[in-house]
Amino acid sequence: MDKILRIDMGAKGGPQFKVEALGAYAGLGGRAMTSSVVAQEVPPLCHPLGAENKLVIAPGMLSGTSASMSGRISVGCKSPLTGGIKEANSGGQGAQVLARLGYAAVILEGKPEGDDLYKILINKDGVKIEKDNSLKMLPNYDLVDTLKKIHGDKITCISIGPAGEMKLGAASIAITDIEVRPSRHAGRGGVGAVMGSKRVKVIILDDTGLKNREPKDPEKFRAANKKFVEGLTTHSVTGQALPAYGTNVLTNIINEAGGYPSYNFREGQFAGASKISGETFADIETKRGGSATHPCHRGCVIRCSGTYVDKDGNYLTKQPEYETVWAHGGNCGIDDPDAIAQIDFLDDNIGLDTIEMGATIGVAMQAGLAKFGDAAAAIELVKEVGKGTPLGKILGSGAGVTGKVFGVEKVPVVKNQALPAYDPRAIQGIGVTYATSPMGADHTAGYAIATNILKSGGYVDPLKTEGQVELSRNLQIATTAIDSTGMCLFIAFAVLDQPDTFQALIDLLNAFYGWSLTGDDVTALGKKVLKIERDFNAKAGFTKEQDRLPRFFSTDPVSPHNITFQVKDSELDSVFNW
Amino acid sequence: MKITVKLFATLRRGRFDRETMEPSDSSRVIDIVRLLEIPEQEAAIIFINSRHAEFDTVLHEGDTLAIFPPVGGG
């Protein structure tokens, strides 16, 4: 990982690439890399779909090594959805393979004239950029099947579906998993639209003939990894609950806590929750011959994913994540696991963020385009996006645009990005994160659920305002650092509870790079990156008025706690005062 | 008194999803946990009527008690 690949898609005579030394970006990875490049090189006032925007794809600092859990990849740009800086994070094989190929970042720049579509091949022999209009408007699964026939089944693909080609605000970038399925997505913020604007359909990676990256101190690195894995496998969340039930284990607990947004955030509990819970999904998967425990990338020991099959045992989609099950399930009044799994597949295939799309369908239902609970109608609406009809393009532009077009007042977005699966009135800490994250509404940016609900890393009462700002601040700092390492965020459950596991993570970094970081240095990295991101947003026109939840969260109490969001504006404005 | 008890995730194994129980008056959460032979560290997150509760919280007629093992996700 000692080089950067820059591809100028707008070069005269066709796309050109050059391979550069890391220079000022040395030592950076993941979100620290993408946000640094975007802040340094992208004019904050540029149009996100214009030639001046750049798409930065970066493995984490520990990706491509033998460190467990190090397979997260960051995708950064100026977001067409929020208008601010964006880092969308994904699992799958992309990070490990790109890191083994030696690239700390791939940067797509410029914009070609005309509408030719390109594929980029990267392997140990170098880089090839080829025009291939036969791939136009292929859905992700069909695309990958086509490419496997040409390039073999050892490839890893980073691709866009029709939504990305249409440059829609909800368009994702797909990353293939261990089975070479495009089931993992850098979902949020319309990153797929930026890739589409560059006319790049797919980046095909092949690390055949290459080895893991070598640490500076192999012995210390092995020892640290052993301790790290022990910490993860013995912790009850990362060692038991996540492997057995996946992220959707949360449906029942968030519903029980009264923080499960139902019917477009009208209610805080959903009567059909148990029918779409993680327990139910795991049961279906096991009975039908799918799998309830599966890693999304090699080297993962938590294995929170799974394989969802239909009644005849045929692959339907990967185990849908909690956020997806909520967005297309309870948020739309839908309690049918098969329908939700089908929509998960459609989103992945068309190349859409499941959170944005589920929230959008909820807003469309609020507008009367379909009835809450009508799964067949929801499926048809998602299909409209794939077809690129005028209605489909409106829906594919996200909840904010859909709400405006259909005159809906209660639209759950911050910085025009849809709120995920936790009601900020019943769980006030996550409301602070939604409001203030530079990314727009994003649960992963500072996962207050851990401490407000799951009693991980202490306990702060979710229904009170005390302690929420400090909680969100500390989590946003820690998350930004973790997102730079390439580590899966789920390590946080063990790292927050077990000082030894946190130390093992720092030891991994130090043994690999020959550094002598302390916990304070990791915190300093998180703060530095957050500051870069906030500065970019300020230059792009963001003020403190954008660090707010939609008004209805302050005026409309939600059942069963009958509470509004109560953290004061002045407190929200203090989140980044450290 | 009558209460509703709901168990989740691994706590369901060998027990139940949801049952009505009739413990003696002024029973506490810990009494139910012991009655169901749930190891204390496994009863990590407890709600009574959708609010967090502790082992020594006293139960009342009509309460819904929900018990979760340590879970996480996101």
# chains A, B, ... in the order shown; residues from 1 in each chain; ligands from 1
$ select_by_dssp --residues "segment 261-395 of chain A" --states "strand (DSSP E)" --output "list in words"
Ser291, Ala292, Thr293, His294, Ser305, Gly306, Thr307, Tyr308, Val309, Tyr315, Leu316, Thr317 and Lys318 of chain A
$ interface_residues --of "chain A" --to "chain B" --cutoff "8 Å" --atoms "only C-alpha atoms" --output "ChimeraX atom specification"
/A:236-238,241-242,245-250,252-253,256-258,279,322-323,443-444,447,450,454-455,490,493,560
$ residues_around --residues "segment 185-196 of chain A" --least-positions-apart "2" --cutoff "6 Å" --atoms "only C-alpha atoms" --output "JSON, numbers by chain"
{"A": [49, 79, 80, 81, 88, 89, 90, 160, 164, 165, 167, 168, 169, 170, 171, 172, 173, 174, 175, 198, 199, 200, 353]}
$ write_last_selection --atoms "C-alpha atoms" --output "short mmCIF file (atom, residue, chain, number, x, y, z; two decimals), in the first residue's frame"
data_model
loop_
_atom_site.label_atom_id
_atom_site.label_comp_id
_atom_site.auth_asym_id
_atom_site.auth_seq_id
_atom_site.Cartn_x
_atom_site.Cartn_y
_atom_site.Cartn_z
CA LEU A 49 -21.65 15.22 -10.45
CA SER A 79 -21.99 13.76 -1.79
CA PRO A 80 -24.72 14.41 -4.37
CA LEU A 81 -27.27 13.60 -1.67
CA ALA A 88 -19.43 5.46 2.82
CA ASN A 89 -18.01 2.30 4.33
CA SER A 90 -18.42 -1.31 3.19
CA ILE A 160 -22.61 0.38 -9.88
CA GLY A 164 -25.50 4.73 -10.35
CA GLU A 165 -25.57 5.09 -14.13
CA LYS A 167 -26.78 9.32 -11.15
CA LEU A 168 -29.52 9.00 -8.52
CA GLY A 169 -29.07 10.30 -4.98
CA ALA A 170 -29.69 6.87 -3.41
CA ALA A 171 -27.20 5.06 -5.67
CA SER A 172 -24.71 2.78 -3.93
CA ILE A 173 -21.41 1.18 -4.91
CA ALA A 174 -21.45 -2.62 -4.67
CA ILE A 175 -18.48 -4.65 -3.43
CA LYS A 198 -17.31 9.39 -14.15
CA ARG A 199 -18.82 6.73 -16.47
CA VAL A 200 -17.05 3.92 -14.62
CA ASP A 353 -28.85 2.27 -0.42
#
$ select_by_dssp --residues "chain B" --states "alpha helix (DSSP H)" --output "list in words"
Val29, Ile30, Asp31, Ile32, Val33, Arg34 and Leu35 of chain B
$ closest_residue --among "A:Ala511, A:Gly440, A:Lys527, A:Pro412" --to "Ile477 of chain A" --atoms "only C-alpha atoms"
A:Lys527
$ residues_around --residues "Met61 of chain A" --least-positions-apart "3" --cutoff "8 Å" --atoms "only C-alpha atoms" --output "list of chain:residue names"
A:Gly27, A:Leu28, A:Gly29, A:Gly30, A:Ser484, A:Thr485, A:Gly486, A:Leu509
$ write_last_selection --atoms "C-alpha atoms" --output "compact mmCIF listing (two decimals), in the first residue's frame"
# COMPACT_ATOMS: atom_id res chain seq x y z
CA GLY A 27 0.24 6.52 6.71
CA LEU A 28 -3.42 7.27 6.05
CA GLY A 29 -6.09 4.72 5.33
CA GLY A 30 -9.86 4.35 5.06
CA SER A 484 -9.60 4.77 9.19
CA THR A 485 -8.04 1.47 10.31
CA GLY A 486 -10.12 -0.71 8.00
CA LEU A 509 -1.08 -0.79 14.27
$ atom_distance --atom1 "atom CA of Val33 of chain B" --atom2 "atom CA of Leu59 of chain B"
12.3 Å
$ residues_around --residues "Ser554 of chain A" --least-positions-apart "2" --cutoff "12 Å" --atoms "only C-alpha atoms" --output "PyMOL selection string"
chain A and resi 410+424-426+428+431+548-552+556-558+562-569
$ write_last_selection --atoms "N, CA, C and O atoms" --output "PDB file, in the first residue's frame"
ATOM      1  N   LYS A 410     -43.611  15.453   6.975  1.00  0.00           N
ATOM      2  CA  LYS A 410     -42.730  14.738   7.903  1.00  0.00           C
ATOM      3  C   LYS A 410     -41.780  13.816   7.133  1.00  0.00           C
ATOM      4  O   LYS A 410     -42.115  12.666   6.840  1.00  0.00           O
ATOM      5  N   PRO A 424     -34.999   9.069  17.272  1.00  0.00           N
ATOM      6  CA  PRO A 424     -34.189   9.955  18.126  1.00  0.00           C
ATOM      7  C   PRO A 424     -34.967  10.555  19.295  1.00  0.00           C
ATOM      8  O   PRO A 424     -34.372  11.183  20.161  1.00  0.00           O
ATOM      9  N   ARG A 425     -36.284  10.356  19.329  1.00  0.00           N
ATOM     10  CA  ARG A 425     -37.058  10.836  20.476  1.00  0.00           C
ATOM     11  C   ARG A 425     -36.973   9.840  21.624  1.00  0.00           C
ATOM     12  O   ARG A 425     -36.849  10.227  22.787  1.00  0.00           O
ATOM     13  N   ALA A 426     -37.019   8.549  21.303  1.00  0.00           N
ATOM     14  CA  ALA A 426     -36.939   7.521  22.351  1.00  0.00           C
ATOM     15  C   ALA A 426     -35.495   7.169  22.694  1.00  0.00           C
ATOM     16  O   ALA A 426     -35.236   6.559  23.723  1.00  0.00           O
ATOM     17  N   GLN A 428     -32.351   9.471  22.707  1.00  0.00           N
ATOM     18  CA  GLN A 428     -31.909  10.857  22.458  1.00  0.00           C
ATOM     19  C   GLN A 428     -30.443  10.939  22.003  1.00  0.00           C
ATOM     20  O   GLN A 428     -30.080  11.815  21.239  1.00  0.00           O
ATOM     21  N   GLY A 431     -29.988  10.805  18.372  1.00  0.00           N
ATOM     22  CA  GLY A 431     -30.454  12.047  17.755  1.00  0.00           C
ATOM     23  C   GLY A 431     -29.337  13.075  17.648  1.00  0.00           C
ATOM     24  O   GLY A 431     -29.252  13.827  16.670  1.00  0.00           O
ATOM     25  N   ARG A 548     -29.337  19.997  12.689  1.00  0.00           N
ATOM     26  CA  ARG A 548     -30.614  19.897  13.403  1.00  0.00           C
ATOM     27  C   ARG A 548     -31.433  18.744  12.854  1.00  0.00           C
ATOM     28  O   ARG A 548     -31.325  18.416  11.668  1.00  0.00           O
ATOM     29  N   LEU A 549     -32.308  18.201  13.711  1.00  0.00           N
ATOM     30  CA  LEU A 549     -33.265  17.207  13.241  1.00  0.00           C
ATOM     31  C   LEU A 549     -34.441  17.928  12.587  1.00  0.00           C
ATOM     32  O   LEU A 549     -34.693  19.110  12.879  1.00  0.00           O
ATOM     33  N   PRO A 550     -35.193  17.231  11.718  1.00  0.00           N
ATOM     34  CA  PRO A 550     -36.413  17.835  11.189  1.00  0.00           C
ATOM     35  C   PRO A 550     -37.323  18.280  12.338  1.00  0.00           C
ATOM     36  O   PRO A 550     -37.351  17.650  13.393  1.00  0.00           O
ATOM     37  N   ARG A 551     -38.056  19.333  12.103  1.00  0.00           N
ATOM     38  CA  ARG A 551     -38.828  19.977  13.165  1.00  0.00           C
ATOM     39  C   ARG A 551     -39.790  19.032  13.887  1.00  0.00           C
ATOM     40  O   ARG A 551     -40.020  19.154  15.084  1.00  0.00           O
ATOM     41  N   PHE A 552     -40.391  18.086  13.135  1.00  0.00           N
ATOM     42  CA  PHE A 552     -41.453  17.274  13.758  1.00  0.00           C
ATOM     43  C   PHE A 552     -40.936  16.419  14.919  1.00  0.00           C
ATOM     44  O   PHE A 552     -41.705  16.020  15.786  1.00  0.00           O
ATOM     45  N   ASP A 556     -43.722  16.659  17.684  1.00  0.00           N
ATOM     46  CA  ASP A 556     -44.634  15.505  17.737  1.00  0.00           C
ATOM     47  C   ASP A 556     -44.081  14.421  18.663  1.00  0.00           C
ATOM     48  O   ASP A 556     -43.102  13.761  18.313  1.00  0.00           O
ATOM     49  N   PRO A 557     -44.697  14.201  19.811  1.00  0.00           N
ATOM     50  CA  PRO A 557     -44.227  13.109  20.681  1.00  0.00           C
ATOM     51  C   PRO A 557     -44.480  11.753  20.017  1.00  0.00           C
ATOM     52  O   PRO A 557     -45.423  11.612  19.244  1.00  0.00           O
ATOM     53  N   VAL A 558     -43.617  10.779  20.333  1.00  0.00           N
ATOM     54  CA  VAL A 558     -43.804   9.448  19.759  1.00  0.00           C
ATOM     55  C   VAL A 558     -44.164   8.459  20.871  1.00  0.00           C
ATOM     56  O   VAL A 558     -43.647   8.541  21.988  1.00  0.00           O
ATOM     57  N   ASN A 562     -44.213   8.781  24.582  1.00  0.00           N
ATOM     58  CA  ASN A 562     -44.797  10.123  24.398  1.00  0.00           C
ATOM     59  C   ASN A 562     -43.782  11.225  24.703  1.00  0.00           C
ATOM     60  O   ASN A 562     -44.003  12.091  25.547  1.00  0.00           O
ATOM     61  N   ILE A 563     -42.691  11.166  23.980  1.00  0.00           N
ATOM     62  CA  ILE A 563     -41.589  12.081  24.225  1.00  0.00           C
ATOM     63  C   ILE A 563     -41.127  12.694  22.904  1.00  0.00           C
ATOM     64  O   ILE A 563     -41.249  12.067  21.848  1.00  0.00           O
ATOM     65  N   THR A 564     -40.638  13.937  22.969  1.00  0.00           N
ATOM     66  CA  THR A 564     -40.044  14.587  21.795  1.00  0.00           C
ATOM     67  C   THR A 564     -38.528  14.587  21.954  1.00  0.00           C
ATOM     68  O   THR A 564     -38.004  14.247  23.014  1.00  0.00           O
ATOM     69  N   PHE A 565     -37.827  15.018  20.910  1.00  0.00           N
ATOM     70  CA  PHE A 565     -36.377  15.170  21.005  1.00  0.00           C
ATOM     71  C   PHE A 565     -36.099  16.443  21.789  1.00  0.00           C
ATOM     72  O   PHE A 565     -36.609  17.504  21.453  1.00  0.00           O
ATOM     73  N   GLN A 566     -35.320  16.318  22.859  1.00  0.00           N
ATOM     74  CA  GLN A 566     -35.234  17.435  23.795  1.00  0.00           C
ATOM     75  C   GLN A 566     -33.844  18.037  23.973  1.00  0.00           C
ATOM     76  O   GLN A 566     -33.675  18.951  24.781  1.00  0.00           O
ATOM     77  N   VAL A 567     -32.867  17.529  23.261  1.00  0.00           N
ATOM     78  CA  VAL A 567     -31.529  18.110  23.381  1.00  0.00           C
ATOM     79  C   VAL A 567     -31.558  19.506  22.744  1.00  0.00           C
ATOM     80  O   VAL A 567     -32.035  19.675  21.621  1.00  0.00           O
ATOM     81  N   LYS A 568     -31.067  20.495  23.499  1.00  0.00           N
ATOM     82  CA  LYS A 568     -31.155  21.890  23.031  1.00  0.00           C
ATOM     83  C   LYS A 568     -30.197  22.165  21.877  1.00  0.00           C
ATOM     84  O   LYS A 568     -29.126  21.554  21.778  1.00  0.00           O
ATOM     85  N   ASP A 569     -30.570  23.148  21.052  1.00  0.00           N
ATOM     86  CA  ASP A 569     -29.718  23.529  19.921  1.00  0.00           C
ATOM     87  C   ASP A 569     -28.318  23.923  20.399  1.00  0.00           C
ATOM     88  O   ASP A 569     -27.317  23.578  19.771  1.00  0.00           O
TER      89      ASP A 569
END
$ closest_residue --among "A:Val460, A:Ala359, A:Met439, A:Ala370" --to "Ala418 of chain A" --atoms "only C-alpha atoms"
A:Ala359
$ atom_distance --atom1 "atom CA of Thr280 of chain A" --atom2 "atom CA of Ile453 of chain A"
21.3 Å
$ atom_distance --atom1 "atom CA of Pro390 of chain A" --atom2 "atom CA of Ala376 of chain A"
19.9 Å
$ residues_around --residues "Glu22 of chain B" --least-positions-apart "3" --cutoff "9 Å" --atoms "only C-alpha atoms" --output "JSON, numbers by chain"
{"B": [1, 2, 3, 4, 25]}
